[in-house]
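Peer 1: The structure file upload_25.cif (mmCIF, C-alpha atoms) is provided below.
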data_protein
loop_
_atom_site.label_atom_id
_atom_site.label_comp_id
_atom_site.auth_asym_id
_atom_site.auth_seq_id
_atom_site.Cartn_x
_atom_site.Cartn_y
_atom_site.Cartn_z
CA MET A 1 -1.36 -22.75 34.62
CA ALA A 2 0.74 -23.49 37.68
CA ALA A 3 3.95 -21.55 38.04
CA THR A 4 6.76 -23.87 37.14
CA GLU A 5 10.26 -23.97 38.43
CA SER A 6 12.82 -22.63 36.03
CA LEU A 7 14.42 -25.23 33.78
CA SER A 8 18.17 -25.27 33.44
CA GLY A 9 20.42 -24.81 30.44
CA PRO A 10 20.35 -26.89 27.24
CA ASN A 11 22.79 -29.53 28.51
CA ASP A 12 20.85 -30.34 31.66
CA LEU A 13 17.44 -31.13 30.19
CA ASP A 14 15.98 -34.61 30.29
CA GLU A 15 14.69 -36.18 27.11
CA ARG A 16 11.09 -34.99 27.49
CA GLU A 17 12.14 -31.45 28.34
CA ARG A 18 14.51 -31.27 25.43
CA ALA A 19 11.92 -32.58 22.96
CA ALA A 20 9.41 -29.97 24.16
CA VAL A 21 11.91 -27.10 23.96
CA GLU A 22 13.05 -28.11 20.49
CA SER A 23 9.50 -28.52 19.22
CA LEU A 24 8.58 -25.05 20.42
CA LEU A 25 11.74 -23.51 18.96
CA TYR A 26 11.30 -25.12 15.55
CA ARG A 27 7.86 -23.60 15.21
CA LEU A 28 9.02 -20.16 16.34
CA ALA A 29 12.06 -20.18 14.06
CA ASP A 30 10.43 -21.75 11.00
CA ASP A 31 7.43 -19.38 11.07
CA GLU A 32 9.68 -16.33 11.20
CA PHE A 33 12.13 -17.59 8.60
CA VAL A 34 9.54 -18.63 6.03
CA ILE A 35 7.25 -15.60 6.33
CA ALA A 36 10.30 -13.29 6.15
CA ASP A 37 11.37 -14.89 2.90
CA ARG A 38 7.85 -14.57 1.52
CA TYR A 39 7.78 -10.85 2.34
CA THR A 40 10.94 -10.37 0.30
CA ASP A 41 8.91 -11.33 -2.79
CA TRP A 42 7.65 -7.75 -2.56
CA GLN A 43 11.12 -6.28 -2.95
CA VAL A 44 10.91 -3.65 -5.77
CA ARG A 45 7.28 -4.70 -6.35
CA ALA A 46 5.38 -3.00 -3.52
CA PRO A 47 2.94 -0.19 -4.43
CA THR A 48 5.32 2.67 -3.53
CA VAL A 49 8.98 3.07 -2.63
CA GLU A 50 7.91 3.76 0.95
CA SER A 51 5.84 0.61 1.30
CA ASP A 52 8.63 -1.38 -0.36
CA ILE A 53 11.16 -0.23 2.23
CA ALA A 54 8.72 -0.78 5.09
CA ILE A 55 7.95 -4.39 4.18
CA ALA A 56 11.62 -5.14 3.46
CA ASN A 57 12.39 -3.80 6.91
CA ILE A 58 9.74 -6.04 8.45
CA ALA A 59 11.21 -9.01 6.58
CA GLN A 60 14.64 -8.15 8.00
CA ASP A 61 13.17 -7.99 11.51
CA GLU A 62 11.57 -11.42 11.14
CA LEU A 63 14.81 -12.88 9.77
CA GLY A 64 16.60 -11.48 12.80
CA HIS A 65 14.06 -13.18 15.07
CA ALA A 66 14.44 -16.47 13.21
CA ARG A 67 18.20 -16.17 13.79
CA LEU A 68 17.66 -15.80 17.56
CA TRP A 69 15.46 -18.91 17.69
CA TYR A 70 17.61 -21.07 15.38
CA ASP A 71 20.59 -20.10 17.51
CA LEU A 72 18.88 -21.68 20.53
CA LEU A 73 18.46 -24.89 18.52
CA GLU A 74 22.20 -24.82 17.86
CA ASP A 75 22.59 -25.23 21.64
CA PHE A 76 21.45 -28.81 21.05
CA GLY A 77 24.19 -29.48 18.54
CA HIS A 78 22.37 -28.64 15.32
CA SER A 79 24.37 -26.66 12.77
CA GLU A 80 22.92 -23.95 10.52
CA PRO A 81 22.99 -26.24 7.44
CA ASP A 82 21.09 -28.88 9.48
CA LEU A 83 18.53 -26.29 10.52
CA ILE A 84 18.05 -24.55 7.19
CA TRP A 85 20.18 -25.19 4.14
CA GLU A 86 20.39 -28.99 4.07
CA ARG A 87 17.22 -29.77 5.97
CA ASP A 88 14.50 -32.02 4.61
CA PRO A 89 11.74 -29.51 3.73
CA GLU A 90 9.15 -31.95 5.09
CA THR A 91 10.54 -31.48 8.59
CA PHE A 92 9.75 -27.75 8.63
CA ARG A 93 7.08 -26.95 11.19
CA HIS A 94 5.88 -23.50 10.13
CA SER A 95 2.19 -22.78 9.71
CA THR A 96 1.03 -22.93 6.08
CA LEU A 97 -0.02 -19.25 6.41
CA CYS A 98 3.67 -18.39 6.13
CA GLU A 99 4.42 -20.27 2.91
CA LEU A 100 1.58 -19.31 0.54
CA PRO A 101 2.78 -17.27 -2.44
CA PHE A 102 1.22 -13.87 -3.11
CA ALA A 103 -0.87 -13.42 -6.22
CA GLU A 104 0.93 -10.87 -8.37
CA GLY A 105 0.35 -7.35 -7.11
CA ASP A 106 -2.09 -8.43 -4.41
CA TRP A 107 -0.99 -6.05 -1.70
CA ALA A 108 -4.16 -6.71 0.33
CA ASP A 109 -2.95 -10.30 0.72
CA ALA A 110 0.36 -9.11 2.14
CA ILE A 111 -1.35 -6.74 4.56
CA VAL A 112 -4.02 -9.18 5.74
CA ARG A 113 -1.43 -11.91 6.11
CA SER A 114 0.88 -9.78 8.18
CA TYR A 115 -2.07 -8.54 10.23
CA PHE A 116 -3.10 -12.12 11.06
CA TYR A 117 0.47 -13.23 11.68
CA ASP A 118 1.58 -10.30 13.80
CA GLU A 119 -1.52 -10.37 16.01
CA ALA A 120 -0.82 -14.05 16.65
CA GLU A 121 2.87 -13.46 17.20
CA HIS A 122 2.09 -10.74 19.73
CA LEU A 123 0.09 -13.23 21.83
CA ARG A 124 2.68 -15.94 21.41
CA LEU A 125 5.50 -13.70 22.61
CA GLU A 126 3.48 -12.50 25.60
CA ALA A 127 3.07 -16.14 26.59
CA LEU A 128 6.86 -16.62 26.42
CA GLU A 129 7.83 -13.66 28.62
CA GLU A 130 7.66 -15.84 31.72
CA SER A 131 8.83 -19.05 30.03
CA SER A 132 10.40 -21.59 32.37
CA TYR A 133 13.27 -21.98 29.89
CA PRO A 134 15.64 -19.07 30.59
CA ARG A 135 17.24 -19.07 27.12
CA ILE A 136 13.85 -18.38 25.54
CA ARG A 137 12.71 -15.93 28.21
CA ASP A 138 15.85 -13.82 27.80
CA ARG A 139 15.32 -13.25 24.09
CA VAL A 140 11.66 -12.30 24.08
CA GLY A 141 12.15 -8.65 25.05
CA LYS A 142 14.40 -7.92 22.09
CA ILE A 143 11.84 -9.34 19.68
CA VAL A 144 8.83 -7.65 21.24
CA GLY A 145 10.59 -4.31 20.75
CA GLU A 146 10.32 -4.74 16.98
CA GLU A 147 6.87 -6.27 16.80
CA GLY A 148 4.94 -3.12 17.75
CA TYR A 149 5.79 -1.57 14.41
CA HIS A 150 4.62 -4.64 12.50
CA ARG A 151 1.16 -4.55 14.05
CA GLU A 152 0.88 -0.81 13.59
CA HIS A 153 1.97 -1.15 9.96
CA ALA A 154 -0.55 -3.89 9.19
CA GLU A 155 -3.48 -2.22 10.94
CA ASN A 156 -2.78 1.24 9.50
CA TRP A 157 -2.72 -0.21 6.00
CA LEU A 158 -5.79 -2.34 6.61
CA ARG A 159 -7.87 0.64 7.69
CA ARG A 160 -6.81 2.62 4.65
CA LEU A 161 -7.30 -0.18 2.14
CA VAL A 162 -10.94 -0.63 3.13
CA SER A 163 -11.73 3.05 2.64
CA GLY A 164 -12.33 2.46 -1.09
CA GLU A 165 -14.63 -0.08 -2.73
CA GLU A 166 -11.93 -1.97 -4.65
CA GLY A 167 -9.67 -2.10 -1.62
CA ARG A 168 -12.50 -3.34 0.57
CA GLU A 169 -13.26 -6.15 -1.87
CA ARG A 170 -9.64 -7.19 -2.06
CA VAL A 171 -9.29 -7.20 1.73
CA GLN A 172 -12.46 -9.29 1.99
CA GLU A 173 -11.10 -11.81 -0.53
CA ALA A 174 -7.79 -12.02 1.31
CA VAL A 175 -9.55 -12.52 4.66
CA ASP A 176 -11.76 -15.29 3.23
CA GLU A 177 -8.74 -17.04 1.75
CA LEU A 178 -6.29 -16.62 4.63
CA PHE A 179 -8.42 -16.95 7.76
CA PRO A 180 -8.36 -20.80 7.78
CA TYR A 181 -4.60 -20.76 7.18
CA ALA A 182 -4.10 -18.32 10.04
CA LEU A 183 -5.89 -20.76 12.36
CA THR A 184 -3.10 -23.27 11.71
CA LEU A 185 -0.76 -21.04 13.72
CA PHE A 186 -2.57 -22.35 16.80
CA GLU A 187 -2.77 -26.02 15.84
CA GLU A 188 -1.33 -28.41 18.40
CA THR A 189 1.28 -31.09 17.95
CA GLU A 190 2.04 -34.09 20.14
CA ASP A 191 4.50 -31.95 22.13
CA ASP A 192 2.10 -29.26 23.25
CA GLU A 193 0.96 -31.01 26.38
CA ALA A 194 4.56 -31.18 27.60
CA ILE A 195 5.22 -27.58 26.50
CA ASP A 196 2.37 -26.31 28.67
CA ASP A 197 3.05 -28.75 31.46
CA LEU A 198 6.71 -27.65 31.73
CA GLY A 199 5.71 -23.99 31.65
CA LEU A 200 7.70 -23.28 28.49
CA ARG A 201 4.87 -20.86 27.76
CA THR A 202 2.26 -19.53 30.12
CA ARG A 203 -0.84 -19.79 27.89
CA THR A 204 -2.16 -22.69 25.85
CA LEU A 205 -2.60 -22.49 22.10
CA SER A 206 -6.39 -22.75 22.55
CA ALA A 207 -6.46 -19.79 24.92
CA MET A 208 -4.34 -17.73 22.54
CA ARG A 209 -6.49 -18.73 19.58
CA GLU A 210 -9.62 -17.66 21.40
CA GLU A 211 -8.19 -14.20 22.09
CA TRP A 212 -6.81 -13.92 18.56
CA ILE A 213 -10.21 -14.71 17.02
CA GLU A 214 -11.89 -12.17 19.24
CA THR A 215 -9.36 -9.46 18.36
CA VAL A 216 -9.23 -9.97 14.60
CA THR A 217 -12.96 -10.59 14.06
CA GLY A 218 -13.62 -7.52 16.23
CA THR A 219 -11.34 -5.28 14.17
CA LEU A 220 -12.45 -6.68 10.83
CA THR A 221 -16.14 -6.27 11.66
CA GLU A 222 -15.49 -2.73 12.81
CA ILE A 223 -13.96 -1.83 9.43
CA GLY A 224 -16.79 -3.46 7.47
CA ILE A 225 -15.20 -6.81 6.62
CA ASP A 226 -17.11 -10.05 7.22
CA ALA A 227 -15.31 -12.48 9.48
CA ARG A 228 -16.83 -15.12 11.69
CA ALA A 229 -15.36 -17.26 14.43
CA PRO A 230 -14.78 -20.88 13.33
CA GLU A 231 -16.85 -23.72 14.76
CA THR A 232 -15.29 -25.67 17.58
CA ASP A 233 -15.98 -28.95 19.36
CA GLU A 234 -16.79 -29.26 23.07
CA ASP A 235 -13.06 -29.09 23.96
CA GLY A 236 -12.70 -25.81 22.13
CA GLN A 237 -10.73 -27.38 19.27
CA VAL A 238 -11.38 -25.97 15.80
CA LEU A 239 -13.33 -28.43 13.64
CA THR A 240 -11.25 -29.97 10.87
CA GLY A 241 -13.59 -28.58 8.23
CA GLU A 242 -12.59 -25.04 9.29
CA LEU A 243 -8.92 -25.71 8.61
CA PRO A 244 -7.14 -25.86 5.25
CA ASP A 245 -6.04 -29.24 3.83
CA HIS A 246 -2.46 -28.63 4.91
CA VAL A 247 -1.71 -27.42 8.41
CA GLY A 248 2.09 -27.22 8.34
CA ARG A 249 2.64 -27.81 12.04
CA ASP A 250 2.67 -31.58 11.45
CA GLY A 251 5.12 -31.30 8.53
CA ASP A 252 2.31 -31.52 5.97
CA HIS A 253 2.69 -28.53 3.68
CA THR A 254 1.16 -27.18 0.48
CA ASP A 255 2.95 -27.85 -2.82
CA HIS A 256 4.12 -24.24 -2.73
CA TRP A 257 6.49 -25.06 0.09
CA ALA A 258 8.64 -27.50 -1.90
CA THR A 259 9.08 -24.85 -4.61
CA HIS A 260 9.74 -22.14 -2.08
CA TYR A 261 12.32 -24.18 -0.18
CA ASP A 262 14.03 -24.94 -3.46
CA GLU A 263 14.27 -21.21 -4.20
CA ILE A 264 15.56 -20.40 -0.73
CA THR A 265 18.36 -22.97 -0.93
CA ASN A 266 19.13 -22.57 -4.64
CA THR A 267 22.25 -20.43 -4.24
CA TYR A 268 23.62 -22.60 -1.44
CA ARG A 269 23.37 -25.64 -3.70
CA GLU A 270 24.60 -23.91 -6.85
CA LEU A 271 27.72 -22.73 -5.08
CA GLY A 272 28.30 -26.23 -3.72
CA ARG A 273 28.37 -25.00 -0.13
CA ASP A 274 28.64 -27.35 2.82
CA HIS A 275 28.52 -24.72 5.57
CA ALA A 276 26.91 -21.34 6.16
CA ALA A 277 28.99 -18.15 6.04
CA ARG A 278 28.85 -16.13 9.27
CA LEU A 279 28.55 -12.37 9.02
CA MET A 280 27.54 -11.63 12.57
CA GLU A 281 28.61 -12.49 16.08
CA ASP A 282 26.80 -15.10 18.11
CA PRO A 283 23.61 -13.54 19.55
CA ASP A 284 24.91 -14.34 23.05
CA ASP A 285 27.83 -11.95 22.49
CA GLU A 286 25.78 -9.03 21.18
CA MET B 1 -0.54 11.18 -2.56
CA MET B 2 1.01 13.91 -0.45
CA ILE B 3 4.69 14.62 0.00
CA TRP B 4 5.85 15.02 3.58
CA GLU B 5 9.18 16.65 4.40
CA VAL B 6 11.12 14.77 7.07
CA PHE B 7 13.32 16.28 9.79
CA ARG B 8 15.57 14.09 11.90
CA GLN B 9 16.97 14.90 15.34
CA GLU B 10 20.03 12.92 16.36
CA GLY B 11 19.99 13.59 20.09
CA ALA B 12 17.87 15.34 22.70
CA GLY B 13 18.26 19.11 22.53
CA LYS B 14 19.76 19.14 19.03
CA TYR B 15 18.06 20.73 16.04
CA HIS B 16 15.80 18.69 13.81
CA THR B 17 17.56 18.69 10.45
CA HIS B 18 15.89 18.21 7.10
CA CYS B 19 16.84 14.80 5.70
CA GLY B 20 14.46 14.10 2.81
CA ASN B 21 10.81 13.32 2.23
CA VAL B 22 8.26 10.51 1.98
CA HIS B 23 5.07 9.98 0.00
CA ALA B 24 2.14 9.18 2.27
CA PRO B 25 -1.61 9.81 2.30
CA ASP B 26 -1.70 11.22 5.84
CA ARG B 27 0.40 12.16 8.86
CA GLU B 28 0.18 8.78 10.60
CA MET B 29 1.41 6.90 7.52
CA ALA B 30 4.09 9.55 6.90
CA LEU B 31 5.47 9.02 10.41
CA MET B 32 5.34 5.26 9.92
CA PHE B 33 7.30 5.41 6.67
CA ALA B 34 9.70 8.13 7.84
CA GLN B 35 10.89 6.17 10.86
CA ILE B 36 11.99 3.32 8.59
CA GLN B 37 13.25 5.35 5.67
CA HIS B 38 15.14 7.98 7.63
CA GLY B 39 15.59 6.61 11.12
CA ARG B 40 16.71 3.02 10.77
CA ARG B 41 20.38 3.42 9.95
CA LYS B 42 21.50 6.63 11.64
CA PRO B 43 21.18 7.43 15.34
CA THR B 44 17.77 9.02 15.76
CA HIS B 45 16.10 10.57 18.76
CA SER B 46 13.05 12.09 17.10
CA ILE B 47 11.51 12.65 13.68
CA TRP B 48 9.18 15.40 12.48
CA VAL B 49 7.08 15.27 9.34
CA THR B 50 5.24 18.17 7.77
CA PRO B 51 3.24 18.46 4.56
CA GLN B 52 5.48 19.92 1.88
CA GLN B 53 2.87 22.53 0.94
CA GLU B 54 2.83 23.85 4.51
CA ILE B 55 6.44 25.01 4.22
CA GLY B 56 6.91 28.69 3.36
CA GLU B 57 9.92 29.63 1.23
CA ILE B 58 11.73 32.77 0.22
CA ASP B 59 14.95 32.54 -1.82
CA GLU B 60 17.69 34.85 -3.13
CA GLY B 61 15.73 35.50 -6.28
CA ASP B 62 12.97 37.04 -4.17
CA THR B 63 15.07 39.14 -1.86
CA THR B 64 18.61 40.23 -1.07
CA PHE B 65 19.48 38.53 2.16
CA GLY B 66 21.37 40.97 4.41
CA GLY B 67 20.66 44.03 2.21
CA THR B 68 22.90 45.62 -0.43
CA THR B 69 24.75 48.37 1.45
CA ASP B 70 27.72 48.04 3.76
CA LYS B 71 26.52 47.52 7.30
CA GLY B 72 29.78 46.93 9.08
CA TYR B 73 28.28 48.50 12.16
CA ARG B 74 26.05 45.46 12.38
CA TRP B 75 28.98 43.36 13.46
CA ALA B 76 30.21 43.32 17.05
CA THR B 77 33.67 42.55 15.65
CA GLN B 78 33.86 46.15 14.40
CA TYR B 79 33.90 47.55 17.94
CA ASN B 80 37.15 47.54 19.80
CA ILE B 81 36.17 47.19 23.43
CA THR B 82 38.50 45.48 25.87
CA ALA B 83 37.59 42.97 28.58
CA ALA B 84 34.37 41.75 27.02
CA ALA B 85 32.10 39.63 29.15
CA GLU B 86 32.26 35.91 28.37
CA GLU B 87 28.87 35.95 26.62
CA VAL B 88 29.92 38.89 24.46
CA ALA B 89 33.18 37.15 23.55
CA ASP B 90 31.22 34.03 22.52
CA SER B 91 28.81 36.06 20.46
CA GLU B 92 31.74 37.86 18.82
CA SER B 93 33.42 34.68 17.75
CA GLU B 94 30.11 33.39 16.37
CA GLN B 95 29.73 36.60 14.40
CA ALA B 96 33.32 36.40 13.18
CA ASP B 97 32.56 32.93 11.85
CA ALA B 98 29.36 34.16 10.21
CA GLU B 99 31.30 37.01 8.61
CA LYS B 100 33.82 34.57 7.21
CA GLU B 101 31.00 32.42 5.85
CA ARG B 102 29.44 35.41 4.14
CA GLY B 103 32.78 36.43 2.68
CA ARG B 104 33.20 32.99 1.18
CA ARG B 105 29.96 33.11 -0.81
#
Could you take the file, read its structure, and then write that structure out as structure tokens?

Peer 2:
Amino acid sequence: MAATESLSGPNDLDERERAAVESLLYRLADDEFVIADRYTDWQVRAPTVESDIAIANIAQDELGHARLWYDLLEDFGHSEPDLIWERDPETFRHSTLCELPFAEGDWADAIVRSYFYDEAEHLRLEALEESSYPRIRDRVGKIVGEEGYHREHAENWLRRLVSGEEGRERVQEAVDELFPYALTLFEETEDDEAIDDLGLRTRTLSAMREEWIETVTGTLTEIGIDARAPETDEDGQVLTGELPDHVGRDGDHTDHWATHYDEITNTYRELGRDHAARLMEDPDDE
Amino acid sequence: MMIWEVFRQEGAGKYHTHCGNVHAPDREMALMFAQIQHGRRKPTHSIWVTPQQEIGEIDEGDTTFGGTTDKGYRWATQYNITAAAEEVADSESEQADAEKERGRR
């Protein structure tokens, strides 16, 4: 991709640039926010105290990252209630991988999911390090610093889970179930051409997907789990049959999302709030 | 599942101080858990983990620490020598503190 001139601040973007920046930010923020909330389902339910604290910590990291991305959407005049608490759930753009509930006690699901997600996030962040939009570029380093632990955590667990027969079976089931959903992380929207064209990221979704598939199928095969690359058409796009019914990126979510969003916003509604309480400084002042 | 004792060091050059333990099947997982459980809220420069069963212990039921007879001659503070070198003076004040500590117990 050709090196692109740096874009300016949020107030100086033209309509196309602004639409592309917002589209990219919504996906980044929504993915992090929704998967973080899902991880908190494990609070006091993880297999040991240690694993409970570790996954809660990962959830807190992801929430912190969501905050950084939502804050950049606030640059365009959106308030926190617009972005989260009073938003139409059908406008959320996260991948459906992030919203699926965990079957009770299915720790292999949590580990496989975070393995798939964090490997993808690693590639996505790498592609943002040289983003032409300075406000995005400047925040990537902070996030990358916390992502190393997530990948280490997921892979360490994965390797240990497969060392016993029951664990191996559960990992295999989770991989079979979640692999198609993980592919939705790389699904394109109508804004992706502009995103790449403007240099908002330096690698296309297809290129990242290709590397992701190679990495995860490589690791899974190595530890004795069956995983195959999905079939693609001549343009390298994943065939529809390889994807789940709901992709998420286009606003089409599973039924679980409506329930989940309702849970997330329950307290806000019950307390009759019309604004979000602020506990922390603006990320720009940190 | 093994228990791993955790030692946290606040800054370079300081002692690693025991701060608790974690349950983990092996060293790699113990380090992974310990950094979150014991290193995420307080300033931390380094963390050690060691299997609990690898720690040797002797306590006051097993031995009499310091012996039972008066050994005042063990203490530099008992010797009245003027113009001590700086290092000796430092050591003396450390020993005076230690003596006070012992007296308190």

Peer 1: Take atom CA of Ala24 of chain B and atom CA of Thr48 of chain A and report the distance between them in Å, one decimal.

Peer 2: 9.3 Å

Peer 1: Return as a ChimeraX atom specification the residues belonging to chain B that are within 7 Å of chain A, counting only C-alpha atoms.

Peer 2: /B:22-23,33,36-37

Peer 1: Can you spell out as a PyMOL selection string the set of residues that the PyMOL selection byres ((chain A and resi 127-142) around 7) selects in the structure I just provided?

Peer 2: chain A and resi 4-8+123-126+143-145+199-203

Peer 1: Using the chain letters and numbers from the file, which residues does the PyMOL selection byres ((chain A and resi 213) around 10) grab, as a PyMOL selection string?

Peer 2: chain A and resi 116+119-120+179+182-183+208-212+214-219+227-230

Peer 1: Mind checking which residues fall within 12 Å of Ser163 of chain A, counting only C-alpha atoms, ignoring those fewer than 6 positions away in the same chain, and posting them as a ChimeraX atom specification?

Peer 2: /A:156-157,169-171,223-225

Peer 1: Could you take the residues named above and write them with C-alpha atoms, as a PDB file, in the coordinates of the input?

Peer 2:
ATOM      1  CA  ASN A 156      -2.780   1.240   9.500  1.00  0.00           C
ATOM      2  CA  TRP A 157      -2.720  -0.210   6.000  1.00  0.00           C
ATOM      3  CA  GLU A 169     -13.260  -6.150  -1.870  1.00  0.00           C
ATOM      4  CA  ARG A 170      -9.640  -7.190  -2.060  1.00  0.00           C
ATOM      5  CA  VAL A 171      -9.290  -7.200   1.730  1.00  0.00           C
ATOM      6  CA  ILE A 223     -13.960  -1.830   9.430  1.00  0.00           C
ATOM      7  CA  GLY A 224     -16.790  -3.460   7.470  1.00  0.00           C
ATOM      8  CA  ILE A 225     -15.200  -6.810   6.620  1.00  0.00           C
TER       9      ILE A 225
END

Peer 1: Mind giving me the straight-line distance from atom CA of Thr96 of chain A to atom CA of Trp257 of chain A in Å, one decimal?

Peer 2: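 Value for the atom CA of Thr96 of chain A-atom CA of Trp257 of chain A distance: 8.4 Å.
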
Peer 1: Using atom CA of His78 of chain A and atom CA of Ala59 of chain A as the two end points, give the distance in Å to one decimal.

Peer 2: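 About the pair atom CA of His78 of chain A and atom CA of Ala59 of chain A: they are 24.2 Å apart.
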